[in-house]
>>> print(open('target30.csv').read())   # CSV, C-alpha atoms and all ligand atoms
chain,number,residue,atom,x,y,z
C,240,MET,CA,102.0,43.0,-35.3
C,241,ALA,CA,101.2,41.0,-32.2
C,242,SER,CA,100.8,44.2,-30.2
C,243,ARG,CA,98.4,45.7,-32.7
C,244,THR,CA,96.3,42.6,-32.6
C,245,ARG,CA,96.2,42.7,-28.8
C,246,LYS,CA,95.1,46.3,-28.9
C,247,ARG,CA,92.3,45.5,-31.3
C,248,THR,CA,91.1,42.6,-29.2
C,249,ALA,CA,91.2,44.8,-26.0
C,250,LYS,CA,89.2,47.5,-27.8
C,251,ALA,CA,86.6,44.9,-28.9
C,252,ASN,CA,86.4,43.6,-25.4
C,253,ARG,CA,85.9,47.0,-24.0
C,254,ALA,CA,83.2,47.8,-26.5
C,255,ARG,CA,81.4,44.4,-25.6
C,256,LEU,CA,81.7,45.2,-21.9
C,257,GLN,CA,80.3,48.6,-22.4
C,258,ARG,CA,77.3,47.2,-24.3
C,259,GLN,CA,76.7,44.6,-21.6
C,260,THR,CA,76.9,47.2,-18.9
C,261,GLN,CA,74.5,49.4,-20.8
C,262,ASP,CA,72.1,46.4,-21.3
C,263,ALA,CA,72.3,45.6,-17.6
C,264,ASN,CA,71.6,49.2,-16.7
C,265,GLU,CA,68.6,49.3,-19.0
C,266,GLN,CA,67.3,46.1,-17.4
C,267,LEU,CA,67.8,47.5,-14.0
C,268,VAL,CA,65.9,50.7,-14.8
C,269,LEU,CA,63.1,48.6,-16.4
C,270,SER,CA,62.7,46.3,-13.5
C,271,SER,CA,62.8,49.2,-11.0
C,272,VAL,CA,59.9,50.8,-13.1
C,273,ARG,CA,57.9,47.5,-13.0
C,274,GLN,CA,58.5,47.2,-9.2
C,275,HIS,CA,57.1,50.7,-8.7
C,276,GLU,CA,54.1,49.9,-10.9
C,277,ARG,CA,53.5,46.6,-8.8
C,278,ALA,CA,53.9,48.5,-5.6
C,279,ASP,CA,51.3,51.1,-6.8
C,280,ALA,CA,48.9,48.3,-7.8
C,281,ALA,CA,49.3,46.5,-4.5
C,282,GLU,CA,48.7,49.7,-2.6
C,283,ASP,CA,45.6,50.3,-4.7
C,284,LEU,CA,44.3,46.8,-4.0
C,285,ASN,CA,45.1,47.1,-0.4
C,286,SER,CA,43.2,50.4,-0.1
C,287,ARG,CA,40.2,48.8,-1.9
C,288,LEU,CA,40.3,45.8,0.4
C,289,GLN,CA,40.3,48.2,3.4
C,290,THR,CA,37.3,50.0,2.1
C,291,GLU,CA,35.5,46.7,1.5
C,292,ILE,CA,36.3,45.5,5.0
C,293,ALA,CA,35.1,48.7,6.5
C,294,GLU,CA,31.9,48.5,4.5
C,295,ARG,CA,31.3,44.9,5.4
C,296,LYS,CA,31.9,45.7,9.1
C,297,ALA,CA,29.4,48.6,8.8
C,298,THR,CA,26.8,46.3,7.2
C,299,GLU,CA,27.4,43.6,9.9
C,300,GLU,CA,26.9,46.2,12.6
C,301,ALA,CA,23.7,47.5,10.9
C,302,LEU,CA,22.4,43.9,10.6
C,303,ARG,CA,23.2,43.3,14.3
C,304,GLN,CA,21.3,46.4,15.3
C,305,ALA,CA,18.4,45.5,13.1
C,306,LYS,CA,18.3,42.0,14.6
C,307,THR,CA,18.3,43.5,18.1
C,308,GLU,CA,15.6,46.0,17.2
C,309,LEU,CA,13.5,43.2,15.6
C,310,ALA,CA,13.8,41.0,18.8
C,311,ASP,CA,12.9,44.0,21.0
C,312,ARG,CA,9.9,44.7,18.7
C,313,ALA,CA,8.8,41.1,18.8
C,314,VAL,CA,8.9,41.1,22.6
C,315,GLN,CA,6.9,44.3,22.7
C,316,LEU,CA,4.4,42.9,20.2
C,317,GLU,CA,3.9,39.7,22.2
C,318,ALA,CA,3.3,41.7,25.3
C,319,LEU,CA,0.8,43.9,23.5
C,320,VAL,CA,-1.0,40.9,22.1
C,321,ALA,CA,-1.2,39.2,25.5
C,322,GLN,CA,-2.4,42.5,27.0
C,323,ARG,CA,-5.1,42.9,24.3
C,324,THR,CA,-6.2,39.3,24.5
C,325,ALA,CA,-6.6,39.5,28.3
C,326,LYS,CA,-8.7,42.7,27.8
C,327,LEU,CA,-10.7,41.1,25.1
C,328,GLN,CA,-11.4,38.0,27.2
C,329,GLU,CA,-12.4,40.2,30.1
C,330,THR,CA,-14.8,42.1,27.8
C,331,ILE,CA,-16.2,38.9,26.3
C,332,GLY,CA,-16.7,37.6,29.9
C,333,GLU,CA,-18.5,40.8,30.9
C,334,LEU,CA,-20.7,40.6,27.7
C,335,GLU,CA,-21.5,37.0,28.3
C,336,GLY,CA,-22.5,37.7,31.8
C,337,PHE,CA,-24.5,40.7,30.7
C,338,SER,CA,-26.4,38.9,27.9
C,339,TYR,CA,-26.9,35.9,30.3
C,340,SER,CA,-28.6,38.1,32.8
C,341,ILE,CA,-30.7,40.0,30.2
C,342,VAL,CA,-31.9,36.7,28.6
C,343,HIS,CA,-32.6,35.4,32.1
C,344,ASP,CA,-34.6,38.5,33.0
C,345,MET,CA,-36.7,38.2,29.8
C,346,ARG,CA,-38.3,35.1,31.3
C,347,ALA,CA,-40.1,37.1,34.0
C,348,PRO,CA,-42.4,39.1,31.7
C,349,LEU,CA,-42.8,36.0,29.6
C,350,ARG,CA,-44.0,34.0,32.5
C,351,ALA,CA,-46.5,36.9,33.3
C,352,MET,CA,-47.8,36.7,29.7
C,353,LYS,CA,-48.2,32.9,29.9
C,354,GLY,CA,-49.8,33.1,33.4
C,355,PHE,CA,-52.3,35.8,32.4
C,356,SER,CA,-53.2,34.0,29.1
C,357,ASP,CA,-53.9,30.9,31.2
C,358,ILE,CA,-56.1,32.8,33.6
C,359,LEU,CA,-57.9,34.5,30.6
C,360,ALA,CA,-58.5,31.1,29.0
C,361,GLU,CA,-59.8,29.5,32.3
C,362,SER,CA,-61.9,32.4,33.6
C,363,TYR,CA,-63.1,34.1,30.4
C,364,GLY,CA,-62.7,31.3,27.8
C,365,ALA,CA,-66.4,30.6,27.8
C,366,LYS,CA,-67.2,34.2,27.0
C,367,LEU,CA,-65.0,34.2,24.0
C,368,ASP,CA,-66.0,32.8,20.6
C,369,ASP,CA,-63.9,30.2,18.7
C,370,GLU,CA,-61.7,32.9,17.0
C,371,GLY,CA,-61.0,34.5,20.4
C,372,ARG,CA,-60.0,31.2,22.0
C,373,SER,CA,-57.8,30.4,19.0
C,374,TYR,CA,-56.0,33.8,19.4
C,375,LEU,CA,-55.5,33.0,23.1
C,376,ARG,CA,-54.1,29.5,22.2
C,377,ARG,CA,-51.7,31.1,19.8
C,378,ILE,CA,-50.5,33.6,22.4
C,379,ALA,CA,-49.8,30.7,24.9
C,380,THR,CA,-48.0,28.6,22.1
C,381,SER,CA,-45.8,31.6,21.2
C,382,ALA,CA,-45.0,32.3,24.8
C,383,ASN,CA,-44.0,28.7,25.4
C,384,ARG,CA,-41.9,28.7,22.2
C,385,MET,CA,-40.2,31.9,23.3
C,386,ASP,CA,-39.5,30.4,26.7
C,387,LYS,CA,-38.0,27.3,25.2
C,388,LEU,CA,-35.8,29.5,23.0
C,389,ILE,CA,-34.6,31.5,26.0
C,390,LEU,CA,-33.9,28.3,27.9
C,391,ASP,CA,-31.8,26.9,25.0
C,392,VAL,CA,-29.9,30.2,24.6
C,393,LEU,CA,-29.2,30.1,28.3
C,394,SER,CA,-27.9,26.6,28.1
C,395,TYR,CA,-25.7,27.5,25.1
C,396,SER,CA,-24.3,30.4,27.1
C,397,ARG,CA,-23.7,28.1,30.1
C,398,VAL,CA,-21.8,25.7,27.8
C,399,LEU,CA,-19.5,28.6,26.8
C,400,GLN,CA,-18.7,29.3,30.5
C,401,MET,CA,-18.7,25.7,31.7
C,402,ASP,CA,-15.4,24.4,33.1
C,403,LEU,CA,-14.9,21.3,30.9
C,404,ARG,CA,-12.0,19.5,32.6
C,405,LEU,CA,-11.1,16.3,30.8
C,406,GLU,CA,-11.0,13.0,32.6
C,407,PRO,CA,-11.6,9.4,31.8
C,408,VAL,CA,-15.4,8.9,31.5
C,409,ASP,CA,-17.2,5.6,31.4
C,410,ALA,CA,-19.4,6.1,28.3
C,411,ASP,CA,-21.3,2.9,28.9
C,412,LYS,CA,-22.4,3.7,32.4
C,413,LEU,CA,-23.2,7.3,31.4
C,414,LEU,CA,-25.3,6.3,28.4
C,415,ARG,CA,-27.2,3.6,30.2
C,416,GLY,CA,-27.9,6.2,33.0
C,417,ILE,CA,-29.4,8.6,30.4
C,418,LEU,CA,-31.6,5.9,28.8
C,419,GLU,CA,-32.9,4.9,32.2
C,420,SER,CA,-33.7,8.5,33.2
C,421,TYR,CA,-35.9,9.5,30.2
C,422,PRO,CA,-39.1,7.7,29.3
C,423,ASP,CA,-38.8,9.0,25.8
C,424,PHE,CA,-35.8,6.7,25.2
C,425,GLN,CA,-37.5,3.6,26.6
C,426,GLU,CA,-40.2,1.1,25.6
C,427,PRO,CA,-42.9,1.5,24.7
C,428,ARG,CA,-42.2,5.0,23.3
C,429,ALA,CA,-38.9,4.1,21.6
C,430,ASP,CA,-36.5,1.2,20.9
C,431,VAL,CA,-33.0,2.4,21.8
C,432,ILE,CA,-30.2,-0.2,22.0
C,433,ILE,CA,-26.5,-0.1,22.8
C,434,GLU,CA,-24.5,-2.5,20.6
C,435,GLY,CA,-21.7,-4.1,22.7
C,436,GLY,CA,-20.0,-2.2,25.6
C,437,LEU,CA,-18.8,1.3,25.2
C,438,PRO,CA,-15.2,2.2,26.3
C,439,GLU,CA,-13.8,5.0,28.5
C,440,VAL,CA,-13.0,8.2,26.7
C,441,MET,CA,-11.2,11.4,27.7
C,442,CYS,CA,-14.1,13.7,28.2
C,443,ASN,CA,-16.1,15.7,30.7
C,444,GLU,CA,-19.1,13.9,32.2
C,445,THR,CA,-21.5,16.8,32.0
C,446,GLY,CA,-20.4,17.7,28.5
C,447,LEU,CA,-20.7,14.1,27.2
C,448,THR,CA,-24.2,13.8,28.9
C,449,GLN,CA,-25.3,17.0,27.1
C,450,CYS,CA,-24.1,15.7,23.7
C,451,PHE,CA,-25.6,12.2,24.0
C,452,SER,CA,-28.9,13.7,25.3
C,453,ASN,CA,-29.3,16.2,22.5
C,454,LEU,CA,-28.5,13.6,19.8
C,455,LEU,CA,-30.8,11.1,21.3
C,456,ASN,CA,-33.6,13.7,21.6
C,457,ASN,CA,-33.3,14.4,17.9
C,458,ALA,CA,-33.1,10.7,17.0
C,459,VAL,CA,-36.4,10.0,18.7
C,460,LYS,CA,-38.0,13.3,17.5
C,461,PHE,CA,-37.3,13.4,13.8
C,462,VAL,CA,-39.4,10.4,12.7
C,463,PRO,CA,-42.4,10.3,10.5
C,464,PRO,CA,-45.7,11.0,12.5
C,465,GLU,CA,-47.0,8.0,14.4
C,466,THR,CA,-43.8,6.0,14.0
C,467,LYS,CA,-41.9,4.4,16.8
C,468,PRO,CA,-38.3,5.6,16.8
C,469,HIS,CA,-35.5,2.9,16.5
C,470,VAL,CA,-32.1,4.0,17.6
C,471,ARG,CA,-28.8,2.1,17.6
C,472,ILE,CA,-25.7,3.2,19.5
C,473,SER,CA,-22.4,1.6,18.6
C,474,VAL,CA,-18.7,2.2,18.9
C,475,GLU,CA,-15.8,2.1,16.5
C,476,ARG,CA,-12.1,2.1,17.7
C,477,ARG,CA,-9.8,4.2,15.5
C,478,GLY,CA,-6.3,3.9,16.9
C,479,GLN,CA,-6.1,6.3,19.9
C,480,ARG,CA,-9.6,7.7,19.1
C,481,VAL,CA,-13.1,6.3,19.8
C,482,ARG,CA,-16.0,7.1,17.6
C,483,PHE,CA,-19.6,6.7,18.9
C,484,TRP,CA,-22.4,6.3,16.4
C,485,ILE,CA,-26.0,7.2,17.1
C,486,ALA,CA,-28.0,5.9,14.2
C,487,ASP,CA,-31.8,6.4,13.7
C,488,GLU,CA,-34.3,5.3,11.1
C,489,GLY,CA,-36.0,8.7,10.9
C,490,ILE,CA,-36.7,11.2,8.2
C,491,GLY,CA,-33.1,11.8,7.3
C,492,ILE,CA,-31.3,15.0,6.2
C,493,GLU,CA,-30.2,16.1,2.7
C,494,GLU,CA,-26.4,16.4,2.3
C,495,GLN,CA,-26.6,20.1,1.5
C,496,HIS,CA,-27.8,20.8,5.1
C,497,PHE,CA,-25.0,18.8,6.8
C,498,ASP,CA,-22.9,21.9,7.8
C,499,LYS,CA,-25.8,24.2,8.4
C,500,ILE,CA,-27.6,22.1,11.0
C,501,PHE,CA,-24.7,22.6,13.5
C,502,GLU,CA,-25.1,26.4,13.4
C,503,MET,CA,-27.1,28.3,16.0
C,504,PHE,CA,-30.9,28.5,15.2
C,505,GLN,CA,-30.5,26.6,11.9
C,506,ARG,CA,-33.3,24.1,11.3
C,507,VAL,CA,-34.4,22.1,8.3
C,508,GLU,CA,-37.6,20.7,9.6
C,509,SER,CA,-39.9,23.5,10.9
C,510,SER,CA,-42.9,21.1,11.3
C,511,TYR,CA,-41.1,19.5,14.3
C,512,GLU,CA,-40.8,21.3,17.7
C,513,GLY,CA,-37.4,22.8,18.3
C,514,THR,CA,-35.2,25.9,18.4
C,515,GLY,CA,-32.2,24.9,16.3
C,516,VAL,CA,-29.8,25.2,19.3
C,517,GLY,CA,-29.3,21.5,20.2
C,518,LEU,CA,-26.7,20.7,17.6
C,519,ALA,CA,-24.9,24.0,18.0
C,520,ILE,CA,-24.4,23.0,21.7
C,521,VAL,CA,-23.2,19.5,20.7
C,522,ARG,CA,-20.6,20.9,18.4
C,523,LYS,CA,-19.4,23.6,20.9
C,524,VAL,CA,-19.2,21.1,23.8
C,525,THR,CA,-17.5,18.4,21.7
C,526,GLU,CA,-14.9,20.8,20.3
C,527,ARG,CA,-14.2,22.2,23.8
C,528,MET,CA,-13.5,18.5,24.9
C,529,GLY,CA,-11.0,18.0,22.0
C,530,GLY,CA,-13.5,16.0,20.0
C,531,GLN,CA,-15.4,16.2,16.7
C,532,VAL,CA,-18.9,15.6,15.6
C,533,GLY,CA,-20.3,14.8,12.2
C,534,VAL,CA,-23.3,13.4,10.3
C,535,GLU,CA,-24.1,10.9,7.6
C,536,SER,CA,-27.6,10.8,6.2
C,537,GLU,CA,-29.9,10.4,3.3
C,538,ARG,CA,-33.3,11.9,3.1
C,539,GLY,CA,-35.9,9.3,4.0
C,540,HIS,CA,-33.3,6.7,5.1
C,541,GLY,CA,-32.3,7.7,8.7
C,542,THR,CA,-29.4,9.6,10.1
C,543,ARG,CA,-26.1,8.6,11.7
C,544,PHE,CA,-24.4,11.1,13.9
C,545,TRP,CA,-20.9,10.4,15.2
C,546,LEU,CA,-18.9,11.8,18.1
C,547,ASP,CA,-15.2,11.3,18.1
C,548,PHE,CA,-13.0,11.5,21.3
C,549,GLN,CA,-9.5,10.5,22.5
C,550,ALA,CA,-9.6,7.1,24.1
C,551,ALA,CA,-8.8,7.0,27.8
C,552,ASN,CA,-5.4,5.2,28.2
C,553,LYS,CA,-5.8,2.4,30.8
I,1,LIG,P1,-33.9,21.4,16.9
I,1,LIG,O1,-33.9,19.9,17.2
I,1,LIG,O2,-34.2,22.2,18.1
I,1,LIG,O3,-34.6,21.8,15.6
I,1,LIG,P2,-31.0,21.0,16.5
I,1,LIG,O4,-29.9,22.0,16.5
I,1,LIG,O5,-31.0,19.9,17.4
I,1,LIG,O6,-32.3,21.9,16.6
I,1,LIG,O7,-31.1,20.4,15.0
I,1,LIG,C1,-31.1,21.3,13.9
I,1,LIG,C2,-31.8,20.7,12.7
I,1,LIG,O8,-31.1,19.5,12.2
I,1,LIG,C3,-33.2,20.2,13.1
I,1,LIG,O9,-34.2,21.2,13.0
I,1,LIG,C4,-33.4,19.1,12.0
I,1,LIG,O10,-33.9,19.7,10.8
I,1,LIG,C5,-32.0,18.5,11.8
I,1,LIG,N1,-31.8,17.3,12.5
I,1,LIG,C6,-31.1,17.1,13.7
I,1,LIG,N2,-31.1,15.8,14.1
I,1,LIG,C7,-31.8,15.1,13.1
I,1,LIG,C8,-32.1,13.7,13.0
I,1,LIG,N3,-31.7,12.8,13.9
I,1,LIG,N4,-32.9,13.4,11.9
I,1,LIG,C9,-33.3,14.3,11.0
I,1,LIG,N5,-33.0,15.7,11.1
I,1,LIG,C10,-32.3,16.1,12.2
>>> encode(input="target30.csv", output="structure tokens")
Amino acid sequence: MASRTRKRTAKANRARLQRQTQDANEQLVLSSVRQHERADAAEDLNSRLQTEIAERKATEEALRQAKTELADRAVQLEALVAQRTAKLQETIGELEGFSYSIVHDMRAPLRAMKGFSDILAESYGAKLDDEGRSYLRRIATSANRMDKLILDVLSYSRVLQMDLRLEPVDADKLLRGILESYPDFQEPRADVIIEGGLPEVMCNETGLTQCFSNLLNNAVKFVPPETKPHVRISVERRGQRVRFWIADEGIGIEEQHFDKIFEMFQRVESSYEGTGVGLAIVRKVTERMGGQVGVESERGHGTRFWLDFQAANK
């Protein structure tokens, strides 16, 4: 009886062991399959990563090449621009010299016209009637006007070529010198005063003389007929800048003309003598000296021109 029971127990144990071994085998097979699957996935990922790295490297190389090409192109372009600028400047210089000599040569036939019309008036004036003499006068006036125009164009052209080296300029001394040199800026013809002392500015003496002279000429010119011009010159400190004011009590300018009057040959008042070049010169010279020019005015209530420059540091 005991032996039969032992046999049954042993059989049951064997059966359980068999099941456990089978389960363990199944688990082993399953885990081996999973490992294969993972290895495949890892290989796949790895190959994708390799491709990506290769692509990135290729992109980086292309970028580096593009950068090098761009830098080369920039250097080439800069050289080309410098070369063309030099050529352009050379051509401009030649053209300026050419037009200067043409304009200069135009004065010779003009002088002949003026001279012969003077001789005609003196020697044959008595033989002409009033109408004939009037024509002669008009020829002389036109020739004079043409000559003034040529002289102004020549001085504008000189301004373009002038070497305007900047240095401290004593504006007070310079301005008083101008006032003393021209009777048109003195009593009894005009009342021009300088309010206070004027400082030193970073300018060019010739350039500043030209600006002050042109502005003063206009200030005493554009007054109603038979009126004595009154002009005040003052200074305003604006930090590192100095602003000169030239204020007259003349006919004034309407605001719509403020920009136009600084352009070449632009005039508002044709009943006054002039060529429309003076203010164009002032603007060009001022800008070439690192300064600025402007105007404030009201028709019939005088005009205030200003010139703005860097103060000379002392
Ligand atoms: P121009 O004096 O030979 O006419 P400008 O270039 O000096 O030429 O001046 C241009 C124009 O600006 C003048 O014709 C005039 O109409 C106006 N203008 C300049 N300065 C004054 C001033 N101080 N008062 C009134 N008008 C002025």
>>> closest_residue(input="target30.csv", among="C:Gly416, C:Gly436, C:Asn443, C:Tyr395", to="ligand LIG 1 (chain I)", atoms="only C-alpha atoms and all ligand atoms")
C:Tyr395
>>> atom_distance(input="target30.csv", atom1="atom CA of Glu439 of chain C", atom2="atom CA of Gln549 of chain C")
9.2 Å
>>> closest_atom_pairs(input="target30.csv", of="chain C", to="ligand LIG 1 (chain I)", cutoff="6 Å", atoms="only C-alpha atoms and all ligand atoms", output="tab-separated table")
residue	atom	partner	partner_atom	distance
C:Asn457	CA	I:LIG1	N3	4.6
C:Ala458	CA	I:LIG1	N3	4.0
C:Phe461	CA	I:LIG1	N4	4.8
C:Gly489	CA	I:LIG1	N4	5.7
C:Ile490	CA	I:LIG1	C9	5.4
C:Gly491	CA	I:LIG1	C9	4.5
C:Ile492	CA	I:LIG1	N5	5.2
C:Ile500	CA	I:LIG1	O8	4.5
C:Gln505	CA	I:LIG1	C1	5.7
C:Arg506	CA	I:LIG1	O9	3.5
C:Val507	CA	I:LIG1	O10	3.5
C:Glu508	CA	I:LIG1	O10	4.0
C:Gly513	CA	I:LIG1	O2	3.3
C:Thr514	CA	I:LIG1	O2	3.8
C:Gly515	CA	I:LIG1	O6	3.0
C:Val516	CA	I:LIG1	O4	4.3
C:Gly517	CA	I:LIG1	O5	3.6
C:Leu518	CA	I:LIG1	O4	3.6
C:Ala519	CA	I:LIG1	O4	5.6
C:Thr542	CA	I:LIG1	N4	5.5
>>> residues_around(input="target30.csv", residues="Gln531 of chain C", least_positions_apart="6", cutoff="9 Å", atoms="all atoms listed in the file", output="list in words")
Arg522, Thr525, Trp545, Leu546, Asp547 and Phe548 of chain C
>>> closest_residue(input="target30.csv", among="C:Leu454, C:Val408, C:Ala379, C:Ile472", to="Phe501 of chain C", atoms="only C-alpha atoms")
C:Leu454
>>> closest_residue(input="target30.csv", among="C:Leu418, C:Ile389, C:Ala551, C:Val320", to="Ser340 of chain C", atoms="all atoms listed in the file")
C:Ile389
>>> build_atoms(input="target30.csv", residues="segment 464-473 of chain C", atoms="all heavy atoms", output="short mmCIF file (atom, residue, chain, number, x, y, z; two decimals), in the coordinates of the input")
data_model
loop_
_atom_site.label_atom_id
_atom_site.label_comp_id
_atom_site.auth_asym_id
_atom_site.auth_seq_id
_atom_site.Cartn_x
_atom_site.Cartn_y
_atom_site.Cartn_z
N PRO C 464 -44.60 11.00 11.47
CA PRO C 464 -45.70 11.00 12.50
C PRO C 464 -46.15 9.54 12.74
O PRO C 464 -46.20 8.71 11.83
CB PRO C 464 -46.77 11.82 11.86
CG PRO C 464 -46.09 12.65 10.82
CD PRO C 464 -44.90 11.89 10.36
N GLU C 465 -46.48 9.28 14.00
CA GLU C 465 -47.00 8.00 14.40
C GLU C 465 -46.01 6.83 14.23
O GLU C 465 -46.40 5.68 14.07
CB GLU C 465 -48.33 7.60 13.69
CG GLU C 465 -49.39 8.70 13.61
CD GLU C 465 -49.81 9.23 14.97
OE1 GLU C 465 -49.86 8.44 15.93
OE2 GLU C 465 -50.01 10.45 15.06
N THR C 466 -44.76 7.11 14.17
CA THR C 466 -43.80 6.00 14.00
C THR C 466 -42.95 5.89 15.26
O THR C 466 -42.53 6.88 15.85
CB THR C 466 -42.79 6.41 12.83
OG1 THR C 466 -43.54 6.86 11.73
CG2 THR C 466 -41.91 5.24 12.44
N LYS C 467 -42.74 4.62 15.66
CA LYS C 467 -41.90 4.40 16.80
C LYS C 467 -40.43 4.55 16.46
O LYS C 467 -39.98 3.92 15.50
CB LYS C 467 -42.19 2.99 17.37
CG LYS C 467 -41.42 2.66 18.62
CD LYS C 467 -41.88 1.31 19.13
CE LYS C 467 -40.97 0.78 20.20
NZ LYS C 467 -41.43 -0.51 20.71
N PRO C 468 -39.70 5.37 17.19
CA PRO C 468 -38.30 5.60 16.80
C PRO C 468 -37.42 4.33 17.16
O PRO C 468 -37.60 3.71 18.20
CB PRO C 468 -37.84 6.73 17.71
CG PRO C 468 -39.09 7.31 18.30
CD PRO C 468 -40.10 6.22 18.33
N HIS C 469 -36.52 3.98 16.25
CA HIS C 469 -35.50 2.90 16.50
C HIS C 469 -34.14 3.55 16.43
O HIS C 469 -33.80 4.16 15.42
CB HIS C 469 -35.63 1.83 15.41
CG HIS C 469 -36.91 1.07 15.48
ND1 HIS C 469 -37.08 -0.05 16.27
CD2 HIS C 469 -38.10 1.29 14.88
CE1 HIS C 469 -38.31 -0.50 16.14
NE2 HIS C 469 -38.96 0.29 15.31
N VAL C 470 -33.38 3.38 17.51
CA VAL C 470 -32.10 4.00 17.60
C VAL C 470 -31.01 2.97 17.98
O VAL C 470 -31.25 2.19 18.91
CB VAL C 470 -32.04 5.19 18.56
CG1 VAL C 470 -30.70 5.93 18.51
CG2 VAL C 470 -33.18 6.17 18.29
N ARG C 471 -29.87 2.97 17.27
CA ARG C 471 -28.80 2.10 17.60
C ARG C 471 -27.56 2.88 17.98
O ARG C 471 -27.17 3.79 17.22
CB ARG C 471 -28.38 1.19 16.40
CG ARG C 471 -29.48 0.34 15.83
CD ARG C 471 -29.49 -1.04 16.47
NE ARG C 471 -30.67 -1.82 16.09
CZ ARG C 471 -31.91 -1.65 16.54
NH1 ARG C 471 -32.18 -0.68 17.39
NH2 ARG C 471 -32.91 -2.42 16.17
N ILE C 472 -26.95 2.52 19.11
CA ILE C 472 -25.70 3.20 19.50
C ILE C 472 -24.58 2.22 19.44
O ILE C 472 -24.67 1.14 20.03
CB ILE C 472 -25.86 3.81 20.92
CG1 ILE C 472 -27.03 4.80 20.95
CG2 ILE C 472 -24.58 4.52 21.34
CD1 ILE C 472 -27.64 4.96 22.30
N SER C 473 -23.53 2.57 18.72
CA SER C 473 -22.40 1.60 18.60
C SER C 473 -21.09 2.38 18.74
O SER C 473 -21.08 3.62 18.78
CB SER C 473 -22.46 0.90 17.26
OG SER C 473 -22.45 1.84 16.23
#
